[in-house]
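Colleague: Supplied in structure tokens, the structure appears directly below.
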Amino acid sequence: MELLFDPTTYRSLIGKLIYKTITRPDISYTVNRFIQFCSAPRHPHLHAAQCILQYLKGFSGQGLFFHCTHSTQLKAYTESNLSVNEVQLKVFSDADWGACPDTRRSVTGYCIFLGDSLISWKSKKQNTISRSSVEAEYCAMANTTCKILWLLALLKDFRISHPHLVLMNCDNKAAIHISENPVFHE
């Protein structure tokens with residue numbers, strides 16, 4: 001497979017796809033994989049990126065929809081009324097152990113909902129190579145917890161109370177047990 005003669009077309013296309021991931025999180029992981037080849041793209045990479053364009057064209061009505069329900073309605077602040085309706089963060093975290101075939105690093109993924117609206121999501125390779133699925137899941141939970149703390153601080157800055165505990169959903173029982181145990185873990 002030979003390199004593209006002019007990689008600027010590929011890079012421009014990937015830049016546009018990155019922008020599109022703001023409202024189309026379903027292509028986030030795929031676009032992330034394309035980014036890894038921006039320094040030396042090949043013809044199959046360009047062809048695959050063009051297939052993503054065909055996918056987006058075929059499903060043009062898809063995307064994020066932020067609807068307003070009783071759990072996410074926030075009253076406007078006024079000087080006489082500083083109260084807001086309660087909000088609830090719902091968090092889902094997962095990791096795919098050794099998913100990257102090139103580096104054998106695990107991929108962390110999470111999504112955070114404010115009420116029923118998706119407000120934050122991420123899919124990223126972990127910085128280290130995990131030796132077990134439990135370690136990969138635990139690292140994913142730790143990274144997700146950092147984002148939760150940042151979001152809680154942001155809500156506090158906006159004077160939006162969040163009196164409930166934030167529950168994180170994870171599918172690995174061993175990782176959940178480790179996270180609930182206050183004993184130091186390496």
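Each chain in the structure tokens gets a letter, A, B and so on, in the order shown; residues start at 1 in every chain, and ligands are counted from 1 in the order they appear.
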Can you list, as a PyMOL selection string, every protein, DNA or RNA residue that comes within 12 Å of A:Leu155 when you count only C-alpha atoms, leaving out same-chain residues fewer than 3 positions away?

Modeller: chain A and resi 74+84+86-89+114+148-152+158-163

Colleague: Within 10 Å of stretch 173-181 of chain A, counting only C-alpha atoms, which residues qualify if same-chain residues fewer than 4 places away don't, as a PyMOL selection string?

Modeller: chain A and resi 133-142+168-169+185

Colleague: Would you mind exporting the chosen residues as a short mmCIF file (atom, residue, chain, number, x, y, z; two decimals), in the first residue's frame, restricted to all heavy atoms?

Modeller:
```
data_model
loop_
_atom_site.label_atom_id
_atom_site.label_comp_id
_atom_site.auth_asym_id
_atom_site.auth_seq_id
_atom_site.Cartn_x
_atom_site.Cartn_y
_atom_site.Cartn_z
N SER A 133 -8.40 -7.47 32.35
CA SER A 133 -9.61 -6.70 32.06
C SER A 133 -10.04 -5.91 33.29
O SER A 133 -10.59 -4.81 33.16
CB SER A 133 -10.73 -7.64 31.61
OG SER A 133 -11.06 -8.55 32.63
N VAL A 134 -9.76 -6.42 34.48
CA VAL A 134 -10.11 -5.70 35.71
C VAL A 134 -9.32 -4.40 35.80
O VAL A 134 -9.87 -3.34 36.11
CB VAL A 134 -9.83 -6.58 36.96
CG1 VAL A 134 -10.08 -5.80 38.24
CG2 VAL A 134 -10.67 -7.84 36.92
N GLU A 135 -8.04 -4.47 35.50
CA GLU A 135 -7.20 -3.27 35.53
C GLU A 135 -7.66 -2.25 34.49
O GLU A 135 -7.73 -1.05 34.78
CB GLU A 135 -5.74 -3.66 35.28
CG GLU A 135 -4.77 -2.51 35.42
CD GLU A 135 -3.32 -2.94 35.18
OE1 GLU A 135 -3.04 -4.16 35.19
OE2 GLU A 135 -2.48 -2.05 34.99
N ALA A 136 -8.02 -2.71 33.32
CA ALA A 136 -8.51 -1.81 32.27
C ALA A 136 -9.81 -1.14 32.70
O ALA A 136 -10.00 0.07 32.53
CB ALA A 136 -8.71 -2.58 30.97
N GLU A 137 -10.74 -1.91 33.28
CA GLU A 137 -12.02 -1.36 33.74
C GLU A 137 -11.81 -0.37 34.90
O GLU A 137 -12.46 0.66 34.96
CB GLU A 137 -12.96 -2.48 34.20
CG GLU A 137 -13.42 -3.38 33.09
CD GLU A 137 -14.61 -2.87 32.32
OE1 GLU A 137 -15.19 -1.83 32.70
OE2 GLU A 137 -14.98 -3.51 31.32
N TYR A 138 -10.90 -0.72 35.81
CA TYR A 138 -10.63 0.16 36.95
C TYR A 138 -10.03 1.49 36.47
O TYR A 138 -10.41 2.55 36.96
CB TYR A 138 -9.69 -0.54 37.94
CG TYR A 138 -9.47 0.23 39.21
CD1 TYR A 138 -10.49 0.34 40.15
CD2 TYR A 138 -8.26 0.85 39.47
CE1 TYR A 138 -10.30 1.06 41.32
CE2 TYR A 138 -8.06 1.57 40.64
CZ TYR A 138 -9.08 1.66 41.56
OH TYR A 138 -8.88 2.38 42.72
N CYS A 139 -9.12 1.44 35.52
CA CYS A 139 -8.56 2.68 34.95
C CYS A 139 -9.64 3.50 34.26
O CYS A 139 -9.66 4.73 34.37
CB CYS A 139 -7.44 2.35 33.96
SG CYS A 139 -5.94 1.73 34.72
N ALA A 140 -10.56 2.83 33.56
CA ALA A 140 -11.66 3.54 32.91
C ALA A 140 -12.54 4.23 33.95
O ALA A 140 -12.95 5.38 33.77
CB ALA A 140 -12.49 2.57 32.07
N MET A 141 -12.81 3.54 35.05
CA MET A 141 -13.63 4.13 36.11
C MET A 141 -12.91 5.33 36.74
O MET A 141 -13.55 6.34 37.05
CB MET A 141 -13.95 3.08 37.17
CG MET A 141 -14.89 2.00 36.69
SD MET A 141 -15.10 0.66 37.86
CE MET A 141 -15.95 1.49 39.19
N ALA A 142 -11.59 5.24 36.91
CA ALA A 142 -10.84 6.35 37.48
C ALA A 142 -10.87 7.57 36.57
O ALA A 142 -11.07 8.71 37.02
CB ALA A 142 -9.39 5.91 37.76
N MET A 168 -22.17 5.38 39.13
CA MET A 168 -21.47 4.99 37.90
C MET A 168 -21.80 3.53 37.61
O MET A 168 -21.69 2.68 38.49
CB MET A 168 -19.96 5.15 38.08
CG MET A 168 -19.19 4.82 36.82
SD MET A 168 -17.40 4.87 36.99
CE MET A 168 -17.09 6.40 37.78
N ASN A 169 -22.19 3.26 36.40
CA ASN A 169 -22.51 1.90 35.98
C ASN A 169 -21.30 1.30 35.29
O ASN A 169 -20.72 1.92 34.39
CB ASN A 169 -23.70 1.90 35.04
CG ASN A 169 -24.95 2.41 35.72
OD1 ASN A 169 -25.52 1.71 36.53
ND2 ASN A 169 -25.35 3.64 35.43
N HIS A 185 -4.67 0.20 46.71
CA HIS A 185 -4.39 -0.77 45.65
C HIS A 185 -3.28 -0.21 44.79
O HIS A 185 -3.21 0.98 44.54
CB HIS A 185 -5.64 -1.00 44.78
CG HIS A 185 -6.81 -1.48 45.55
ND1 HIS A 185 -6.94 -2.79 45.97
CD2 HIS A 185 -7.91 -0.84 46.02
CE1 HIS A 185 -8.06 -2.92 46.63
NE2 HIS A 185 -8.67 -1.76 46.68
#
```

Colleague: Between A:Ser28, A:Leu56, A:Thr8, A:Leu3, which residue has the minimum interatomic distance to A:Arg42, considering only C-alpha atoms?

Modeller: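 When distances to A:Arg42 are compared using only C-alpha atoms, the smallest one comes from A:Leu3.
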
Colleague: Which residues, written as a PDB file with all heavy atoms, in the first residue's frame, have at least one atom at most 10 Å from A:Thr30, with only C-alpha atoms counted and residues fewer than 2 positions away on the same chain left out?

Modeller:
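Output file part-v5.pdb is given in full below:
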```
ATOM      1  N   LEU A  17     -14.535  15.574   9.820  1.00  0.00           N
ATOM      2  CA  LEU A  17     -15.169  14.496  10.575  1.00  0.00           C
ATOM      3  C   LEU A  17     -15.029  14.718  12.084  1.00  0.00           C
ATOM      4  O   LEU A  17     -15.943  14.390  12.848  1.00  0.00           O
ATOM      5  CB  LEU A  17     -14.590  13.144  10.170  1.00  0.00           C
ATOM      6  CG  LEU A  17     -14.976  12.648   8.778  1.00  0.00           C
ATOM      7  CD1 LEU A  17     -14.207  11.376   8.434  1.00  0.00           C
ATOM      8  CD2 LEU A  17     -16.472  12.415   8.682  1.00  0.00           C
ATOM      9  N   PRO A  25     -21.792  11.260  18.006  1.00  0.00           N
ATOM     10  CA  PRO A  25     -20.825  10.465  18.777  1.00  0.00           C
ATOM     11  C   PRO A  25     -20.666   9.044  18.259  1.00  0.00           C
ATOM     12  O   PRO A  25     -19.706   8.375  18.610  1.00  0.00           O
ATOM     13  CB  PRO A  25     -21.409  10.474  20.193  1.00  0.00           C
ATOM     14  CG  PRO A  25     -22.844  10.784  20.024  1.00  0.00           C
ATOM     15  CD  PRO A  25     -22.952  11.637  18.798  1.00  0.00           C
ATOM     16  N   ASP A  26     -21.569   8.580  17.393  1.00  0.00           N
ATOM     17  CA  ASP A  26     -21.468   7.228  16.858  1.00  0.00           C
ATOM     18  C   ASP A  26     -20.260   7.039  15.950  1.00  0.00           C
ATOM     19  O   ASP A  26     -19.826   5.914  15.722  1.00  0.00           O
ATOM     20  CB  ASP A  26     -22.754   6.835  16.133  1.00  0.00           C
ATOM     21  CG  ASP A  26     -23.155   7.808  15.040  1.00  0.00           C
ATOM     22  OD1 ASP A  26     -22.858   9.010  15.173  1.00  0.00           O
ATOM     23  OD2 ASP A  26     -23.781   7.372  14.062  1.00  0.00           O
ATOM     24  N   ILE A  27     -19.681   8.131  15.458  1.00  0.00           N
ATOM     25  CA  ILE A  27     -18.498   8.004  14.598  1.00  0.00           C
ATOM     26  C   ILE A  27     -17.208   8.374  15.336  1.00  0.00           C
ATOM     27  O   ILE A  27     -16.139   8.372  14.740  1.00  0.00           O
ATOM     28  CB  ILE A  27     -18.639   8.850  13.310  1.00  0.00           C
ATOM     29  CG1 ILE A  27     -18.716  10.350  13.625  1.00  0.00           C
ATOM     30  CG2 ILE A  27     -19.814   8.385  12.483  1.00  0.00           C
ATOM     31  CD1 ILE A  27     -18.585  11.245  12.414  1.00  0.00           C
ATOM     32  N   SER A  28     -17.301   8.682  16.630  1.00  0.00           N
ATOM     33  CA  SER A  28     -16.130   9.150  17.390  1.00  0.00           C
ATOM     34  C   SER A  28     -14.974   8.164  17.364  1.00  0.00           C
ATOM     35  O   SER A  28     -13.829   8.540  17.117  1.00  0.00           O
ATOM     36  CB  SER A  28     -16.507   9.447  18.842  1.00  0.00           C
ATOM     37  OG  SER A  28     -17.381  10.522  18.907  1.00  0.00           O
ATOM     38  N   ASN A  32     -11.375   8.622  15.536  1.00  0.00           N
ATOM     39  CA  ASN A  32     -10.159   8.521  16.352  1.00  0.00           C
ATOM     40  C   ASN A  32      -9.144   7.598  15.692  1.00  0.00           C
ATOM     41  O   ASN A  32      -7.947   7.879  15.686  1.00  0.00           O
ATOM     42  CB  ASN A  32     -10.528   8.017  17.750  1.00  0.00           C
ATOM     43  CG  ASN A  32      -9.331   7.815  18.642  1.00  0.00           C
ATOM     44  OD1 ASN A  32      -8.400   7.084  18.306  1.00  0.00           O
ATOM     45  ND2 ASN A  32      -9.355   8.451  19.783  1.00  0.00           N
ATOM     46  N   ARG A  33      -9.606   6.504  15.138  1.00  0.00           N
ATOM     47  CA  ARG A  33      -8.688   5.579  14.458  1.00  0.00           C
ATOM     48  C   ARG A  33      -8.086   6.228  13.211  1.00  0.00           C
ATOM     49  O   ARG A  33      -6.914   6.028  12.910  1.00  0.00           O
ATOM     50  CB  ARG A  33      -9.424   4.293  14.063  1.00  0.00           C
ATOM     51  CG  ARG A  33      -9.873   3.448  15.225  1.00  0.00           C
ATOM     52  CD  ARG A  33      -8.749   2.751  15.926  1.00  0.00           C
ATOM     53  NE  ARG A  33      -8.193   1.737  15.039  1.00  0.00           N
ATOM     54  CZ  ARG A  33      -7.002   1.195  15.205  1.00  0.00           C
ATOM     55  NH1 ARG A  33      -6.238   1.555  16.197  1.00  0.00           N
ATOM     56  NH2 ARG A  33      -6.557   0.300  14.355  1.00  0.00           N
ATOM     57  N   PHE A  34      -8.881   7.023  12.483  1.00  0.00           N
ATOM     58  CA  PHE A  34      -8.370   7.710  11.292  1.00  0.00           C
ATOM     59  C   PHE A  34      -7.310   8.745  11.648  1.00  0.00           C
ATOM     60  O   PHE A  34      -6.361   8.953  10.892  1.00  0.00           O
ATOM     61  CB  PHE A  34      -9.502   8.399  10.527  1.00  0.00           C
ATOM     62  CG  PHE A  34     -10.429   7.452   9.816  1.00  0.00           C
ATOM     63  CD1 PHE A  34     -11.778   7.719   9.739  1.00  0.00           C
ATOM     64  CD2 PHE A  34      -9.960   6.294   9.216  1.00  0.00           C
ATOM     65  CE1 PHE A  34     -12.639   6.860   9.076  1.00  0.00           C
ATOM     66  CE2 PHE A  34     -10.806   5.427   8.553  1.00  0.00           C
ATOM     67  CZ  PHE A  34     -12.152   5.708   8.489  1.00  0.00           C
ATOM     68  N   ILE A  35      -7.466   9.398  12.788  1.00  0.00           N
ATOM     69  CA  ILE A  35      -6.513  10.430  13.215  1.00  0.00           C
ATOM     70  C   ILE A  35      -5.113   9.838  13.357  1.00  0.00           C
ATOM     71  O   ILE A  35      -4.120  10.507  13.083  1.00  0.00           O
ATOM     72  CB  ILE A  35      -6.981  11.079  14.536  1.00  0.00           C
ATOM     73  CG1 ILE A  35      -8.253  11.892  14.304  1.00  0.00           C
ATOM     74  CG2 ILE A  35      -5.894  11.957  15.136  1.00  0.00           C
ATOM     75  CD1 ILE A  35      -8.927  12.342  15.587  1.00  0.00           C
ATOM     76  N   ALA A  48     -11.664   4.464   3.332  1.00  0.00           N
ATOM     77  CA  ALA A  48     -12.476   4.193   4.528  1.00  0.00           C
ATOM     78  C   ALA A  48     -13.096   5.481   5.067  1.00  0.00           C
ATOM     79  O   ALA A  48     -14.256   5.482   5.502  1.00  0.00           O
ATOM     80  CB  ALA A  48     -11.615   3.525   5.596  1.00  0.00           C
ATOM     81  N   ALA A  49     -12.351   6.584   5.047  1.00  0.00           N
ATOM     82  CA  ALA A  49     -12.892   7.867   5.494  1.00  0.00           C
ATOM     83  C   ALA A  49     -14.037   8.314   4.592  1.00  0.00           C
ATOM     84  O   ALA A  49     -15.033   8.876   5.054  1.00  0.00           O
ATOM     85  CB  ALA A  49     -11.790   8.919   5.535  1.00  0.00           C
ATOM     86  N   ILE A  52     -17.196   6.643   5.562  1.00  0.00           N
ATOM     87  CA  ILE A  52     -17.865   7.308   6.686  1.00  0.00           C
ATOM     88  C   ILE A  52     -18.769   8.415   6.163  1.00  0.00           C
ATOM     89  O   ILE A  52     -19.876   8.626   6.672  1.00  0.00           O
ATOM     90  CB  ILE A  52     -16.836   7.866   7.694  1.00  0.00           C
ATOM     91  CG1 ILE A  52     -16.120   6.716   8.396  1.00  0.00           C
ATOM     92  CG2 ILE A  52     -17.499   8.766   8.721  1.00  0.00           C
ATOM     93  CD1 ILE A  52     -17.000   5.876   9.278  1.00  0.00           C
ATOM     94  N   SER A 123     -14.159   8.268  24.065  1.00  0.00           N
ATOM     95  CA  SER A 123     -13.602   6.984  23.703  1.00  0.00           C
ATOM     96  C   SER A 123     -12.131   7.244  23.409  1.00  0.00           C
ATOM     97  O   SER A 123     -11.812   7.976  22.479  1.00  0.00           O
ATOM     98  CB  SER A 123     -14.313   6.411  22.475  1.00  0.00           C
ATOM     99  OG  SER A 123     -13.685   5.226  22.073  1.00  0.00           O
TER     100      SER A 123
END
```

Colleague: If we count only C-alpha atoms and set the cut-off at 8 Å, which residues sit around A:Val91, ignoring sequence neighbours fewer than 4 positions away in its own chain? Please answer as a ChimeraX atom specification.

Modeller: /A:110-113,166-169

Colleague: At what distance in Å, to one decimal, does atom CA of A:Ser120 lie from atom CA of A:Gln54?

Modeller: 25.9 Å

Colleague: Between atom CA of A:Leu154 and atom CA of A:Gly15, what is the spacing in Å?

Modeller: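 One can read the atom CA of A:Gly15 to atom CA of A:Leu154 distance as 28.3 Å.
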
Colleague: Would you list, as a PyMOL selection string, the residues of stretch 86-123 of chain A that end up in strand (DSSP E) under DSSP run on this structure's backbone?

Modeller: chain A and resi 89-96+107-114+117-123

Colleague: For a test of reading the model, state the distance in Å between atom CA of A:Asn172 and atom CA of A:Ser93, rounded to one decimal.

Modeller: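 Going from atom CA of A:Asn172 over to atom CA of A:Ser93 covers 9.9 Å.
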
Colleague: Taking into account only C-alpha atoms, which residue in the set A:Ser39, A:Asn127, A:Thr144, A:Gln62 is nearest to A:Arg11?

Modeller: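 Of the candidates, the smallest distance to A:Arg11 is held by A:Ser39.
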
Colleague: Rank A:Cys38, A:Val107, A:Leu118, A:Cys100 by their smallest atom-to-atom distance to A:Ile22, using only C-alpha atoms, and report the top residue only.

Modeller: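 The shortest atom-to-atom distance to A:Ile22 comes from A:Leu118.
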
Colleague: Go through A:Asp102, A:Asp171, A:Asp157, A:Asp96 and flag the residue nearest A:Gln36, using only C-alpha atoms for the distances.

Modeller: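 Of A:Asp102, A:Asp171, A:Asp157, A:Asp96, the one nearest A:Gln36 is A:Asp102, counting only C-alpha atoms.
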